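Asker: Following this message is one structure expressed as C-alpha coordinates.
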Amino acid sequence: MRSEILFLILGMTLVTYIPRALPAVLIGKLKFSPKFEKFLKLIPYTAMSALIFPGVFIVDESRLYIGIAGALAAGVLAWFRKPIIVCVLSAVAVDMLLYWLIP
(Lines give C-alpha, C1' and ligand atoms only; values in the text may rest on other atoms or scores of the structure.)
Protein backbone atom coordinates (compact mmCIF):
# COMPACT_ATOMS: atom_id res chain seq x y z
CA MET A 1 0.00 0.00 0.00
CA ARG A 2 2.77 2.45 0.93
CA SER A 3 4.76 1.73 -2.23
CA GLU A 4 1.64 2.28 -4.35
CA ILE A 5 1.12 5.68 -2.80
CA LEU A 6 4.80 6.55 -3.29
CA PHE A 7 4.67 5.56 -6.96
CA LEU A 8 1.47 7.52 -7.37
CA ILE A 9 3.08 10.63 -5.89
CA LEU A 10 6.20 10.20 -8.07
CA GLY A 11 4.05 9.72 -11.17
CA MET A 12 2.01 12.82 -10.45
CA THR A 13 5.24 14.74 -9.86
CA LEU A 14 6.61 13.74 -13.26
CA VAL A 15 3.34 14.47 -15.04
CA THR A 16 3.26 17.93 -13.47
CA TYR A 17 6.96 18.75 -13.78
CA ILE A 18 7.66 17.69 -17.37
CA PRO A 19 5.17 20.07 -19.08
CA ARG A 20 6.56 22.93 -16.96
CA ALA A 21 10.23 22.12 -17.48
CA LEU A 22 10.20 21.40 -21.22
CA PRO A 23 9.29 24.92 -22.34
CA ALA A 24 11.93 26.40 -20.05
CA VAL A 25 14.58 24.10 -21.50
CA LEU A 26 13.54 24.39 -25.13
CA ILE A 27 12.68 28.10 -25.28
CA GLY A 28 16.35 29.12 -25.31
CA LYS A 29 16.98 27.06 -28.44
CA LEU A 30 14.08 28.50 -30.42
CA LYS A 31 14.24 31.73 -32.40
CA PHE A 32 11.11 33.87 -32.52
CA SER A 33 10.22 36.93 -34.51
CA PRO A 34 10.60 40.27 -32.69
CA LYS A 35 6.81 40.67 -32.61
CA PHE A 36 6.32 37.28 -30.96
CA GLU A 37 9.10 37.97 -28.45
CA LYS A 38 7.35 41.21 -27.51
CA PHE A 39 4.13 39.25 -27.09
CA LEU A 40 5.87 36.75 -24.78
CA LYS A 41 7.30 39.57 -22.67
CA LEU A 42 3.82 41.02 -22.15
CA ILE A 43 2.28 37.78 -20.86
CA PRO A 44 3.26 38.34 -17.18
CA TYR A 45 1.60 41.77 -17.15
CA THR A 46 -1.51 40.35 -18.78
CA ALA A 47 -1.66 37.54 -16.23
CA MET A 48 -1.18 40.05 -13.41
CA SER A 49 -4.08 42.17 -14.60
CA ALA A 50 -6.32 39.12 -15.03
CA LEU A 51 -5.57 38.02 -11.48
CA ILE A 52 -5.81 41.42 -9.82
CA PHE A 53 -8.72 43.05 -11.65
CA PRO A 54 -11.56 40.96 -10.13
CA GLY A 55 -10.19 41.62 -6.66
CA VAL A 56 -10.37 45.37 -7.19
CA PHE A 57 -14.14 45.32 -6.84
CA ILE A 58 -14.40 42.92 -3.93
CA VAL A 59 -11.80 44.44 -1.60
CA ASP A 60 -14.38 46.43 0.33
CA GLU A 61 -17.72 47.04 -1.31
CA SER A 62 -18.43 50.08 0.83
CA ARG A 63 -15.09 51.70 -0.13
CA LEU A 64 -14.46 50.82 -3.78
CA TYR A 65 -11.95 53.65 -4.13
CA ILE A 66 -9.44 51.63 -2.09
CA GLY A 67 -9.38 48.81 -4.64
CA ILE A 68 -9.31 51.25 -7.53
CA ALA A 69 -6.37 53.15 -6.00
CA GLY A 70 -4.41 49.91 -5.59
CA ALA A 71 -5.16 48.92 -9.18
CA LEU A 72 -4.05 52.34 -10.41
CA ALA A 73 -0.79 52.04 -8.47
CA ALA A 74 -0.13 48.63 -10.01
CA GLY A 75 -1.14 49.88 -13.46
CA VAL A 76 1.15 52.90 -13.36
CA LEU A 77 4.11 50.80 -12.26
CA ALA A 78 3.37 48.18 -14.91
CA TRP A 79 3.19 50.95 -17.51
CA PHE A 80 6.77 51.87 -16.59
CA ARG A 81 7.69 48.17 -16.84
CA LYS A 82 8.56 47.62 -13.23
CA PRO A 83 8.86 44.00 -12.05
CA ILE A 84 5.57 42.30 -11.29
CA ILE A 85 6.40 41.80 -7.63
CA VAL A 86 6.97 45.57 -7.29
CA CYS A 87 3.58 46.26 -8.89
CA VAL A 88 1.74 43.82 -6.64
CA LEU A 89 3.46 44.87 -3.42
CA SER A 90 2.89 48.54 -4.22
CA ALA A 91 -0.82 47.92 -4.79
CA VAL A 92 -1.02 46.10 -1.46
CA ALA A 93 0.84 48.93 0.28
CA VAL A 94 -1.49 51.57 -1.19
CA ASP A 95 -4.54 49.58 -0.11
CA MET A 96 -3.18 49.09 3.41
CA LEU A 97 -2.34 52.79 3.80
CA LEU A 98 -5.81 53.81 2.65
CA TYR A 99 -7.42 51.34 5.06
CA TRP A 100 -5.39 52.74 7.97
CA LEU A 101 -5.58 56.45 7.10
CA ILE A 102 -9.17 56.81 5.91
CA PRO A 103 -11.83 55.59 8.37
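Residue numbering restarts at 1 in every chain; chains get A, B, ... in the order shown in the C-alpha coordinates, and ligands count up from 1 in that same order.
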Which neighbours of segment 48-59 of chain A fall inside 10 Å, counting only C-alpha atoms, when residues of the same chain fewer than 6 positions from it are skipped, and could you give them as a count of residues only?

Answerer: 17

Asker: Quick one: DSSP helix (DSSP H, G or I) residues in segment 34-68 of chain A, as an MDAnalysis selection string?

Answerer: chainID A and resid 34:56 64:68

Asker: Report, in Å to a single decimal, how far apart atom CA of Ala47 of chain A and atom CA of Leu10 of chain A are.

Answerer: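 If I compute the distance from atom CA of Leu10 of chain A to atom CA of Ala47 of chain A, I get 29.6 Å.
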
Asker: Quick one: pull the distance between atom CA of Ala73 of chain A and atom CA of Ser90 of chain A, Å, one decimal.

Answerer: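 Separating atom CA of Ala73 of chain A from atom CA of Ser90 of chain A is a distance of 6.6 Å.
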
Asker: I'd like to know which of A:Pro103, A:Met96, A:Pro44, A:Glu61 is closest to Lys82 of chain A, using only C-alpha atoms.

Answerer: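 Nearest to Lys82 of chain A: A:Pro44.
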
Asker: Let me make sure I understand: among A:Phe80, A:Phe36, A:Tyr17, A:Tyr99, which one has the smallest atom-to-atom distance to Asp60 of chain A if we use only C-alpha atoms?

Answerer: A:Tyr99

Asker: What gap, in Å, lies between atom CA of Leu77 of chain A and atom CA of Thr46 of chain A?

Answerer: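 So the two atoms, atom CA of Leu77 of chain A and atom CA of Thr46 of chain A, lie 13.5 Å apart.
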